[in-house]
>>> print(open('run_34.txt').read())   # compact mmCIF, C-alpha atoms and all ligand atoms
# COMPACT_ATOMS: atom_id res chain seq x y z
CA MET A 235 122.15 169.69 125.92
CA ARG A 236 121.31 171.45 122.64
CA ALA A 237 119.27 169.47 120.12
CA PRO A 238 121.72 167.75 117.76
CA GLU A 239 121.36 168.66 114.10
CA LEU A 240 120.07 165.93 111.79
CA THR A 241 122.70 164.94 109.26
CA PRO A 242 122.69 162.23 106.56
CA ALA A 243 124.80 160.16 108.96
CA SER A 244 122.27 160.41 111.83
CA ARG A 245 120.98 157.01 112.92
CA ILE A 246 117.23 157.42 113.17
CA TYR A 247 115.04 154.77 114.81
CA VAL A 248 111.43 155.08 113.71
CA ALA A 249 109.43 152.93 116.13
CA GLY A 250 106.25 151.88 114.31
CA HIS A 251 107.73 152.26 110.80
CA ARG A 252 105.06 150.03 109.27
CA GLY A 253 102.22 152.18 110.55
CA LEU A 254 100.43 155.07 108.86
CA ALA A 255 102.62 157.78 110.40
CA GLY A 256 105.83 155.78 110.63
CA SER A 257 105.79 154.66 106.99
CA ALA A 258 105.10 158.21 105.81
CA LEU A 259 107.94 159.48 107.98
CA CYS A 260 110.39 156.88 106.62
CA GLY A 261 109.44 157.93 103.09
CA ARG A 262 110.03 161.60 103.89
CA LEU A 263 113.30 160.92 105.70
CA ARG A 264 114.65 158.93 102.78
CA ALA A 265 113.52 161.58 100.31
CA ALA A 266 115.39 164.18 102.36
CA GLY A 267 118.59 162.11 102.28
CA TYR A 268 118.37 160.49 105.71
CA GLU A 269 119.04 156.89 104.78
CA ASN A 270 120.53 155.63 108.03
CA LEU A 271 117.24 154.36 109.41
CA VAL A 272 116.98 151.78 112.17
CA LEU A 273 113.79 149.77 111.69
CA ALA A 274 112.24 146.82 113.49
CA GLY A 275 108.59 145.84 113.41
CA SER A 276 106.63 144.35 116.29
CA SER A 277 107.42 140.83 115.06
CA GLU A 278 111.14 141.56 115.49
CA VAL A 279 110.97 143.61 118.70
CA ASP A 280 107.80 143.66 120.76
CA LEU A 281 108.14 147.02 122.48
CA ARG A 282 105.90 145.81 125.32
CA ASP A 283 108.77 143.51 126.23
CA ARG A 284 111.14 145.55 128.38
CA ALA A 285 114.19 143.29 128.09
CA ALA A 286 113.85 142.96 124.30
CA THR A 287 113.40 146.72 123.90
CA THR A 288 116.44 147.50 126.05
CA ARG A 289 118.57 144.99 124.16
CA PHE A 290 117.48 146.36 120.82
CA LEU A 291 118.10 150.03 121.67
CA THR A 292 121.43 149.33 123.33
CA GLU A 293 122.66 147.55 120.21
CA ALA A 294 121.10 149.98 117.74
CA ALA A 295 122.42 153.08 119.57
CA PRO A 296 120.42 155.54 117.49
CA ASP A 297 121.01 159.32 117.51
CA VAL A 298 117.30 160.00 117.17
CA VAL A 299 114.18 158.06 118.17
CA VAL A 300 110.76 158.86 116.75
CA LEU A 301 108.18 157.04 118.84
CA ALA A 302 105.32 156.34 116.41
CA ALA A 303 104.53 152.86 117.72
CA ALA A 304 101.26 152.62 119.60
CA ARG A 305 98.18 150.55 120.12
CA GLY A 306 95.47 152.80 118.63
CA GLY A 307 92.38 151.77 116.75
CA GLY A 308 89.81 154.54 116.97
CA SER A 309 87.18 155.05 119.62
CA GLY A 310 85.55 151.64 118.95
CA ALA A 311 88.68 149.64 119.83
CA ASN A 312 89.52 152.05 122.62
CA ALA A 313 86.15 151.62 124.26
CA ALA A 314 86.05 147.84 123.73
CA GLU A 315 89.55 147.05 125.02
CA PRO A 316 90.61 149.88 127.32
CA ALA A 317 92.75 147.64 129.55
CA ASP A 318 94.80 146.41 126.58
CA VAL A 319 95.08 149.91 125.12
CA LEU A 320 96.27 151.43 128.39
CA SER A 321 98.68 148.64 129.22
CA ALA A 322 100.22 148.33 125.75
CA ASN A 323 100.74 152.04 125.25
CA LEU A 324 102.16 152.64 128.70
CA ARG A 325 104.58 149.73 128.33
CA ILE A 326 105.68 150.69 124.80
CA GLN A 327 106.37 154.26 125.89
CA VAL A 328 108.09 153.51 129.19
CA ASN A 329 110.20 150.73 127.67
CA VAL A 330 111.32 152.80 124.68
CA MET A 331 112.00 155.94 126.69
CA ASP A 332 113.80 154.15 129.54
CA ALA A 333 115.94 152.21 127.07
CA ALA A 334 116.67 155.35 125.03
CA ARG A 335 117.64 157.16 128.23
CA ALA A 336 119.92 154.32 129.30
CA ALA A 337 121.50 154.30 125.84
CA GLY A 338 121.98 158.09 126.05
CA VAL A 339 119.85 158.81 122.97
CA PRO A 340 120.13 162.58 122.63
CA ARG A 341 116.94 163.30 120.67
CA LEU A 342 113.48 161.76 120.89
CA LEU A 343 110.18 162.81 119.35
CA PHE A 344 107.11 161.29 120.97
CA LEU A 345 103.87 161.21 118.96
CA ALA A 346 101.00 161.82 121.35
CA SER A 347 97.41 162.44 120.18
CA SER A 348 94.74 165.12 120.20
CA ALA A 349 92.61 162.57 122.10
CA MET A 350 94.50 163.73 125.18
CA TYR A 351 92.72 167.10 125.21
CA PRO A 352 89.77 167.60 127.55
CA ARG A 353 86.43 166.85 125.93
CA GLU A 354 85.12 170.38 126.37
CA SER A 355 88.27 172.24 125.27
CA ARG A 356 87.82 175.69 123.76
CA GLN A 357 88.13 175.57 119.96
CA PRO A 358 90.50 175.74 118.18
CA VAL A 359 92.33 173.77 120.87
CA ARG A 360 95.53 175.31 122.15
CA GLU A 361 98.33 173.40 123.83
CA THR A 362 97.48 175.24 127.06
CA SER A 363 94.18 173.30 127.29
CA LEU A 364 95.98 170.11 128.32
CA LEU A 365 94.89 168.73 131.71
CA ALA A 366 92.31 171.51 132.09
CA GLY A 367 89.25 169.24 132.27
CA PRO A 368 87.72 165.76 131.98
CA LEU A 369 88.60 163.58 128.98
CA GLU A 370 86.29 162.03 126.40
CA PRO A 371 85.27 158.78 128.20
CA THR A 372 85.41 156.56 125.08
CA THR A 373 89.13 157.26 124.54
CA GLU A 374 90.20 157.84 128.12
CA ALA A 375 92.58 154.86 128.40
CA TYR A 376 94.45 155.91 125.25
CA ALA A 377 94.48 159.56 126.30
CA ILE A 378 95.83 158.83 129.77
CA ALA A 379 98.68 156.78 128.27
CA LYS A 380 99.52 159.63 125.90
CA ILE A 381 99.45 162.13 128.77
CA ALA A 382 101.86 159.87 130.68
CA GLY A 383 104.16 159.77 127.64
CA MET A 384 104.17 163.54 127.38
CA ALA A 385 104.92 163.77 131.11
CA GLN A 386 107.79 161.31 130.74
CA VAL A 387 109.34 163.37 127.93
CA ARG A 388 109.12 166.48 130.06
CA ALA A 389 110.54 164.70 133.12
CA VAL A 390 113.53 163.35 131.17
CA ARG A 391 114.23 166.85 129.88
CA GLU A 392 114.12 168.16 133.43
CA GLN A 393 116.20 165.43 135.04
CA ASP A 394 118.72 164.62 132.30
CA GLY A 395 118.68 167.82 130.24
CA LEU A 396 117.98 165.88 127.03
CA PRO A 397 116.21 167.76 124.21
CA TRP A 398 113.28 165.33 123.88
CA ILE A 399 109.99 166.65 122.52
CA THR A 400 106.30 165.77 122.10
CA ALA A 401 104.00 166.39 119.12
CA ILE A 402 100.20 166.17 119.28
CA PRO A 403 98.81 165.04 115.91
CA THR A 404 95.16 165.43 115.02
CA ASN A 405 93.25 162.64 113.17
CA LEU A 406 95.49 161.20 110.47
CA TYR A 407 94.72 159.56 107.14
CA GLY A 408 96.60 158.55 104.02
CA PRO A 409 97.99 155.61 102.06
CA GLY A 410 98.77 152.75 104.41
CA ASP A 411 95.86 153.57 106.73
CA ASN A 412 93.95 150.82 108.48
CA PHE A 413 90.64 150.16 106.70
CA HIS A 414 89.50 147.43 109.05
CA PRO A 415 85.70 147.58 109.56
CA THR A 416 85.91 147.75 113.37
CA SER A 417 89.37 149.06 114.29
CA SER A 418 89.81 151.85 111.72
CA HIS A 419 89.75 155.61 112.32
CA VAL A 420 86.93 157.89 111.13
CA LEU A 421 88.03 158.74 107.60
CA ALA A 422 89.36 155.32 106.54
CA GLY A 423 86.38 153.56 108.13
CA LEU A 424 83.90 155.80 106.35
CA MET A 425 85.77 155.44 103.06
CA ARG A 426 85.53 151.69 103.32
CA ARG A 427 81.83 151.68 104.23
CA ILE A 428 80.95 153.95 101.29
CA HIS A 429 83.17 151.91 98.96
CA ASP A 430 81.47 148.70 100.09
CA ALA A 431 78.05 150.31 99.53
CA ALA A 432 79.12 151.39 96.04
CA VAL A 433 80.38 147.90 95.14
CA ALA A 434 77.21 146.28 96.51
CA GLY A 435 75.00 148.80 94.67
CA ALA A 436 73.34 149.62 98.00
CA PRO A 437 70.71 152.37 97.72
CA SER A 438 71.96 154.04 100.91
CA VAL A 439 74.76 154.02 103.41
CA VAL A 440 74.35 154.83 107.08
CA VAL A 441 76.77 157.17 108.85
CA TRP A 442 76.90 157.01 112.65
CA GLY A 443 75.58 160.06 114.51
CA THR A 444 73.90 163.18 113.19
CA GLY A 445 76.66 164.18 110.76
CA THR A 446 76.98 167.60 112.40
CA PRO A 447 80.18 167.10 114.46
CA ARG A 448 83.17 168.86 112.93
CA ARG A 449 86.55 167.14 112.76
CA GLU A 450 90.03 167.84 111.42
CA PHE A 451 92.07 165.47 109.23
CA LEU A 452 95.77 165.62 108.46
CA HIS A 453 97.51 163.66 105.71
CA ALA A 454 100.29 161.41 107.05
CA ASP A 455 102.79 162.98 104.62
CA ASP A 456 102.06 166.41 106.14
CA LEU A 457 102.62 164.92 109.59
CA ALA A 458 105.93 163.48 108.36
CA ASP A 459 107.04 166.93 107.16
CA ALA A 460 105.99 168.37 110.53
CA CYS A 461 108.16 165.78 112.31
CA LEU A 462 111.16 166.90 110.25
CA THR A 463 110.44 170.54 111.09
CA LEU A 464 110.14 169.75 114.79
CA LEU A 465 113.35 167.69 114.84
CA ALA A 466 115.16 170.55 113.12
CA HIS A 467 113.73 173.52 114.99
CA TYR A 468 111.87 172.63 118.18
CA ASP A 469 113.32 172.19 121.64
CA GLU A 470 110.80 173.10 124.33
CA PRO A 471 109.27 171.08 127.19
CA GLY A 472 105.70 171.72 126.05
CA PRO A 473 104.07 169.69 123.26
CA VAL A 474 103.16 171.10 119.84
CA ASN A 475 99.90 170.58 117.94
CA VAL A 476 100.12 169.13 114.42
CA GLY A 477 96.97 169.61 112.37
CA THR A 478 95.53 171.63 109.52
CA GLY A 479 93.61 174.15 111.61
CA ARG A 480 90.60 173.45 109.32
CA ASP A 481 87.62 171.31 110.20
CA ILE A 482 84.83 169.70 108.21
CA SER A 483 81.48 168.26 109.31
CA VAL A 484 81.12 164.50 109.20
CA ALA A 485 78.24 165.00 106.73
CA ASP A 486 80.44 167.02 104.34
CA LEU A 487 83.24 164.50 104.75
CA ALA A 488 80.88 161.67 103.82
CA LYS A 489 79.74 163.69 100.77
CA MET A 490 83.35 164.31 99.70
CA LEU A 491 84.15 160.62 100.10
CA ALA A 492 81.05 159.60 98.12
CA GLU A 493 82.01 162.00 95.29
CA THR A 494 85.55 160.58 95.18
CA ILE A 495 84.32 156.98 95.26
CA GLY A 496 81.55 157.67 92.75
CA TYR A 497 78.80 156.52 95.09
CA THR A 498 75.46 157.97 94.07
CA GLY A 499 73.21 156.38 96.70
CA ALA A 500 71.79 158.25 99.69
CA ILE A 501 73.83 159.09 102.76
CA GLU A 502 71.71 158.57 105.86
CA PHE A 503 72.53 159.41 109.45
CA ASP A 504 71.87 157.39 112.58
CA PRO A 505 71.26 159.90 115.39
CA GLY A 506 70.95 156.95 117.80
CA ARG A 507 74.74 156.63 117.71
CA PRO A 508 76.80 159.06 119.81
CA ASP A 509 78.20 162.15 118.09
CA GLY A 510 81.06 162.77 120.48
CA THR A 511 82.27 166.29 121.00
CA PRO A 512 80.62 168.80 118.58
CA ARG A 513 83.83 170.33 117.25
CA LYS A 514 87.48 169.43 117.41
CA VAL A 515 90.16 171.38 115.59
CA LEU A 516 93.68 172.24 116.68
CA ASP A 517 95.28 175.65 116.95
CA ILE A 518 98.47 175.14 114.90
CA ARG A 519 100.08 178.55 115.32
CA ALA A 520 103.02 177.22 117.35
CA LEU A 521 104.01 174.91 114.50
CA THR A 522 103.29 177.31 111.62
CA GLY A 523 105.50 179.77 113.52
CA LEU A 524 108.37 177.34 112.87
CA GLY A 525 107.78 177.55 109.11
CA TRP A 526 105.70 174.39 108.57
CA GLU A 527 102.29 174.36 106.95
CA PRO A 528 100.03 171.55 105.74
CA LYS A 529 100.27 171.15 101.96
CA ILE A 530 97.80 168.40 101.08
CA ARG A 531 94.20 169.58 100.72
CA LEU A 532 91.61 167.16 101.98
CA ARG A 533 89.98 166.41 98.61
CA ALA A 534 93.33 165.62 96.97
CA GLY A 535 94.46 163.57 99.95
CA ILE A 536 91.24 161.58 99.92
CA ALA A 537 91.62 160.90 96.18
CA SER A 538 95.15 159.52 96.52
CA THR A 539 94.24 157.53 99.62
CA TYR A 540 91.26 155.98 97.83
CA GLN A 541 93.47 155.08 94.88
CA TRP A 542 95.86 153.39 97.29
CA TYR A 543 92.97 151.51 98.87
CA LEU A 544 91.75 150.30 95.46
CA ASP A 545 95.27 149.19 94.52
CA SER A 546 95.65 147.39 97.82
CA LEU A 547 92.52 145.35 97.07
CA THR A 548 93.84 144.16 93.74
CA LEU A 549 97.55 144.10 94.53
CA PRO A 550 98.00 142.44 97.92
CA ARG A 551 101.76 142.44 97.52
CA GLN A 552 101.74 146.20 97.14
CA ARG A 553 99.80 146.50 100.35
CA GLU A 554 102.42 144.34 102.05
CA ALA A 555 105.17 146.55 100.64
CA VAL A 556 103.44 149.72 101.75
CA ARG A 557 103.12 148.42 105.28
CA GLY A 558 106.70 147.15 105.21
CA HIS A 559 110.25 148.36 104.72
CA GLU A 560 110.29 148.62 100.96
CA MET A 561 107.76 151.35 100.65
CA VAL A 562 108.60 154.16 98.26
CA ARG A 563 106.58 157.36 98.46
N1 LIG A 601 96.20 157.57 113.21
C1 LIG A 601 95.77 158.63 113.81
O1 LIG A 601 94.71 159.20 113.48
C2 LIG A 601 96.57 159.24 114.94
C3 LIG A 601 96.14 160.47 115.48
C4 LIG A 601 96.87 161.05 116.50
C5 LIG A 601 98.02 160.42 116.98
N2 LIG A 601 98.39 159.24 116.46
C6 LIG A 601 99.61 158.62 117.01
O2 LIG A 601 100.60 158.61 116.01
C7 LIG A 601 101.40 157.43 116.16
C8 LIG A 601 101.32 156.62 114.88
O3 LIG A 601 99.97 156.26 114.63
P1 LIG A 601 99.57 155.39 113.36
O4 LIG A 601 98.20 155.77 112.99
O5 LIG A 601 100.67 155.46 112.36
O6 LIG A 601 99.51 153.95 114.00
P2 LIG A 601 99.34 152.56 113.23
O7 LIG A 601 99.16 152.76 111.78
O8 LIG A 601 98.33 151.80 114.01
O9 LIG A 601 100.77 151.89 113.47
C9 LIG A 601 101.20 151.63 114.75
C10 LIG A 601 102.55 150.99 114.69
O10 LIG A 601 102.91 150.65 116.03
C11 LIG A 601 103.58 149.45 115.98
N3 LIG A 601 103.35 148.71 117.21
C12 LIG A 601 102.17 148.50 117.86
N4 LIG A 601 102.38 147.72 118.93
C13 LIG A 601 103.70 147.42 118.94
C14 LIG A 601 104.51 146.63 119.78
N5 LIG A 601 104.01 145.99 120.84
N6 LIG A 601 105.83 146.54 119.51
C15 LIG A 601 106.36 147.16 118.43
N7 LIG A 601 105.64 147.94 117.60
C16 LIG A 601 104.32 148.05 117.86
C17 LIG A 601 103.03 148.65 114.82
O11 LIG A 601 104.08 147.85 114.35
P3 LIG A 601 103.90 146.60 113.32
O12 LIG A 601 103.24 147.15 112.12
O13 LIG A 601 105.31 146.16 113.06
O14 LIG A 601 103.05 145.59 114.04
C18 LIG A 601 102.62 149.74 113.85
O15 LIG A 601 103.57 149.92 112.85
C19 LIG A 601 100.85 156.68 117.35
O16 LIG A 601 101.57 157.05 118.49
C20 LIG A 601 99.44 157.18 117.46
O17 LIG A 601 99.00 157.10 118.78
C21 LIG A 601 97.72 158.63 115.45
>>> encode(input="run_34.txt", output="structure tokens", more="lines below")
Ligand SMILES: NC(=O)c1ccc[n+]([C@@H]2O[C@H](COP(=O)([O-])OP(=O)(O)OC[C@H]3O[C@@H](n4cnc5c(N)ncnc54)[C@H](OP(=O)(O)O)[C@@H]3O)[C@@H](O)[C@H]2O)c1
Amino acid sequence: MRAPELTPASRIYVAGHRGLAGSALCGRLRAAGYENLVLAGSSEVDLRDRAATTRFLTEAAPDVVVLAAARGGGSGANAAEPADVLSANLRIQVNVMDAARAAGVPRLLFLASSAMYPRESRQPVRETSLLAGPLEPTTEAYAIAKIAGMAQVRAVREQDGLPWITAIPTNLYGPGDNFHPTSSHVLAGLMRRIHDAAVAGAPSVVVWGTGTPRREFLHADDLADACLTLLAHYDEPGPVNVGTGRDISVADLAKMLAETIGYTGAIEFDPGRPDGTPRKVLDIRALTGLGWEPKIRLRAGIASTYQWYLDSLTLPRQREAVRGHEMVR
């Protein structure tokens, strides 16, 4: 089957529409004139529940599914609760994909993660590095689930001929991110720690590790644009990287965050904490070859994300709206 073209009438189910990626994608879809969105949060349909998921997808009968629902939470949560992470992600994926298959959903985009690449991958990481070596142990449960999801997409293509695809996003950030002290990702977690230090007037803030590892960060709105590009132009069994192709050291990131926040204290490093892999940046040539490129520079993205964070502290209802259906980007 050829990939169906998206039209304003297309019924698009964004699983995980309240999340960082899902809410950005809903905003982009609406801005592009795709208003026929099918949305249900985890309180309405728990995607770990197979019967509920099947019922929901059978009734909703979407033309397109974007699977952006997952149990994530950075390497801390991954390492602390690997059994929950593995089980939840496997169930969400298998339930959604089986139900979508049974409902004959012609197009599905699965959001995997760059955590699924081997720890020692050659940099920048190409899609061909998948399954070529051992994974980073702290995120292995999450990575294995994502690898299984990618394999399921490929298997459905092979068996049913459906044009389902997989994207591999790098680290994401943006308005709507999770700033929780223990379950956040690198950028949001660091932003919060530096913000808290600034508010407390602390003379210094400690950053885990040596500060030398280099990481890549993609704004959720750029990911959303990439999803639209992939849905419009991509129909291959192999997954596609979604990143900026640019990396920054954790030390420089902390400095950029401190400048944005206005924190003038010292940034100290704790080399007793693990650094993880020294460099991780994706090769994005496959996606740029389709005409997409990241538009939001890191400094500007950090500034708008910090503004959102400040607003969310003073305007709890706005935070609720941003996480929920009514969000306008
Ligand atoms: N954030 C990153 O840095 C990053 C990097 C690479 C890949 N990814 C992938 O990109 C996708 C989106 O990530 P994100 O950062 O946007 O995640 P997020 O902000 O944590 O949001 C995850 C979403 O999944 C939904 N969800 C979780 N468990 C569910 C369940 N049992 N039933 C129904 N819905 C459930 C949540 O729904 P409710 O809000 O309704 O509870 C939430 O909206 C995920 O597949 C993630 O693995 C993320």
>>> atom_distance(input="run_34.txt", atom1="atom O16 of ligand LIG 601 (chain A)", atom2="CA of Phe451 in chain A")
15.7 Å
>>> closest_atom_pairs(input="run_34.txt", of="range 377-491 of chain A", to="range 319-327 of chain A", cutoff="9 Å", atoms="all atoms listed in the file", output="CSV")
residue,atom,partner,partner_atom,distance
A:Ala377,CA,A:Leu320,CA,8.6
A:Ile378,CA,A:Leu320,CA,7.5
A:Ala379,CA,A:Leu324,CA,5.4
A:Lys380,CA,A:Asn323,CA,7.7
A:Ala382,CA,A:Leu324,CA,7.5
A:Gly383,CA,A:Gln327,CA,6.2
A:Gln386,CA,A:Gln327,CA,8.7
>>> residues_near_ligand(input="run_34.txt", ligand="ligand LIG 601 (chain A)", cutoff="7 Å", atoms="all atoms listed in the file", output="ChimeraX atom specification")
/A:249-256,274-277,279-282,301-307,322,326,345-348,402-407,411-412,419,557
>>> closest_residue(input="run_34.txt", among="A:Val515, A:Ala466, A:Val441, A:Val433", to="Leu544 in chain A", atoms="all atoms listed in the file")
A:Val433
>>> residues_around(input="run_34.txt", residues="Gln357 in chain A", least_positions_apart="4", cutoff="10 Å", atoms="all atoms listed in the file", output="count of residues only")
6
>>> atom_distance(input="run_34.txt", atom1="CA of Ala520 in chain A", atom2="CA of Gly410 in chain A")
28.0 Å
>>> closest_residue(input="run_34.txt", among="A:Asp455, A:Asp332, A:Asp430, A:Glu374", to="Ala349 in chain A", atoms="all atoms listed in the file")
A:Glu374
>>> residues_near_point(input="run_34.txt", point="(104.2, 179.7, 112.1)", cutoff="12 Å", atoms="all atoms listed in the file", output="PDB file with C-alpha atoms, in the coordinates of the input")
ATOM      1  CA  ALA A 460     105.990 168.370 110.530  1.00  0.00           C
ATOM      2  CA  THR A 463     110.440 170.540 111.090  1.00  0.00           C
ATOM      3  CA  LEU A 464     110.140 169.750 114.790  1.00  0.00           C
ATOM      4  CA  HIS A 467     113.730 173.520 114.990  1.00  0.00           C
ATOM      5  CA  VAL A 474     103.160 171.100 119.840  1.00  0.00           C
ATOM      6  CA  ASN A 475      99.900 170.580 117.940  1.00  0.00           C
ATOM      7  CA  VAL A 476     100.120 169.130 114.420  1.00  0.00           C
ATOM      8  CA  GLY A 479      93.610 174.150 111.610  1.00  0.00           C
ATOM      9  CA  ASP A 517      95.280 175.650 116.950  1.00  0.00           C
ATOM     10  CA  ILE A 518      98.470 175.140 114.900  1.00  0.00           C
ATOM     11  CA  ARG A 519     100.080 178.550 115.320  1.00  0.00           C
ATOM     12  CA  ALA A 520     103.020 177.220 117.350  1.00  0.00           C
ATOM     13  CA  LEU A 521     104.010 174.910 114.500  1.00  0.00           C
ATOM     14  CA  THR A 522     103.290 177.310 111.620  1.00  0.00           C
ATOM     15  CA  GLY A 523     105.500 179.770 113.520  1.00  0.00           C
ATOM     16  CA  LEU A 524     108.370 177.340 112.870  1.00  0.00           C
ATOM     17  CA  GLY A 525     107.780 177.550 109.110  1.00  0.00           C
ATOM     18  CA  TRP A 526     105.700 174.390 108.570  1.00  0.00           C
ATOM     19  CA  GLU A 527     102.290 174.360 106.950  1.00  0.00           C
ATOM     20  CA  PRO A 528     100.030 171.550 105.740  1.00  0.00           C
TER      21      PRO A 528
END
>>> closest_residue(input="run_34.txt", among="A:His453, A:Arg388, A:Lys489, A:Arg533", to="Pro473 in chain A", atoms="only C-alpha atoms")
A:Arg388
>>> residues_around(input="run_34.txt", residues="His429 in chain A", least_positions_apart="3", cutoff="9 Å", atoms="all atoms listed in the file", output="ChimeraX atom specification")
/A:424-426,432-434,491-492,495-497
>>> atom_distance(input="run_34.txt", atom1="CA of Gly423 in chain A", atom2="CA of Pro409 in chain A")
13.3 Å
>>> closest_residue(input="run_34.txt", among="A:Pro340, A:Pro316, A:Pro512, A:Pro471", to="Leu396 in chain A", atoms="all atoms listed in the file")
A:Pro340
>>> closest_residue(input="run_34.txt", among="A:Thr292, A:Thr373, A:Asn329, A:Asn270", to="Ala317 in chain A", atoms="only C-alpha atoms")
A:Thr373
>>> closest_residue(input="run_34.txt", among="A:Gly338, A:Pro447, A:Gly367, A:Pro296", to="Val420 in chain A", atoms="all atoms listed in the file")
A:Pro447
>>> decode(input="run_34.txt", residues="range 429-441 of chain A", atoms="N, CA and C atoms", output="PDB file, in the first residue's frame")
ATOM      1  N   HIS A 429      17.722  27.240  38.180  1.00  0.00           N
ATOM      2  CA  HIS A 429      16.671  28.193  38.592  1.00  0.00           C
ATOM      3  C   HIS A 429      16.523  28.180  40.115  1.00  0.00           C
ATOM      4  N   ASP A 430      16.447  26.977  40.687  1.00  0.00           N
ATOM      5  CA  ASP A 430      16.287  26.868  42.145  1.00  0.00           C
ATOM      6  C   ASP A 430      17.470  27.510  42.873  1.00  0.00           C
ATOM      7  N   ALA A 431      18.678  27.313  42.317  1.00  0.00           N
ATOM      8  CA  ALA A 431      19.874  27.912  42.931  1.00  0.00           C
ATOM      9  C   ALA A 431      19.794  29.437  42.859  1.00  0.00           C
ATOM     10  N   ALA A 432      19.291  29.944  41.720  1.00  0.00           N
ATOM     11  CA  ALA A 432      19.174  31.399  41.553  1.00  0.00           C
ATOM     12  C   ALA A 432      18.170  31.959  42.562  1.00  0.00           C
ATOM     13  N   VAL A 433      17.034  31.291  42.703  1.00  0.00           N
ATOM     14  CA  VAL A 433      15.986  31.768  43.613  1.00  0.00           C
ATOM     15  C   VAL A 433      16.487  31.732  45.053  1.00  0.00           C
ATOM     16  N   ALA A 434      17.244  30.674  45.389  1.00  0.00           N
ATOM     17  CA  ALA A 434      17.740  30.520  46.767  1.00  0.00           C
ATOM     18  C   ALA A 434      18.962  31.408  47.037  1.00  0.00           C
ATOM     19  N   GLY A 435      19.503  32.024  45.974  1.00  0.00           N
ATOM     20  CA  GLY A 435      20.723  32.826  46.143  1.00  0.00           C
ATOM     21  C   GLY A 435      21.915  31.958  46.498  1.00  0.00           C
ATOM     22  N   ALA A 436      21.906  30.711  46.044  1.00  0.00           N
ATOM     23  CA  ALA A 436      22.997  29.776  46.365  1.00  0.00           C
ATOM     24  C   ALA A 436      24.286  30.223  45.659  1.00  0.00           C
ATOM     25  N   PRO A 437      25.420  30.152  46.369  1.00  0.00           N
ATOM     26  CA  PRO A 437      26.675  30.608  45.754  1.00  0.00           C
ATOM     27  C   PRO A 437      27.151  29.692  44.625  1.00  0.00           C
ATOM     28  N   SER A 438      26.684  28.441  44.620  1.00  0.00           N
ATOM     29  CA  SER A 438      27.116  27.533  43.553  1.00  0.00           C
ATOM     30  C   SER A 438      26.044  26.488  43.298  1.00  0.00           C
ATOM     31  N   VAL A 439      26.125  25.897  42.129  1.00  0.00           N
ATOM     32  CA  VAL A 439      25.230  24.795  41.796  1.00  0.00           C
ATOM     33  C   VAL A 439      26.094  23.655  41.266  1.00  0.00           C
ATOM     34  N   VAL A 440      25.719  22.437  41.645  1.00  0.00           N
ATOM     35  CA  VAL A 440      26.549  21.292  41.254  1.00  0.00           C
ATOM     36  C   VAL A 440      25.899  20.561  40.081  1.00  0.00           C
ATOM     37  N   VAL A 441      26.700  20.330  39.049  1.00  0.00           N
ATOM     38  CA  VAL A 441      26.254  19.592  37.871  1.00  0.00           C
ATOM     39  C   VAL A 441      26.893  18.208  37.924  1.00  0.00           C
TER      40      VAL A 441
END
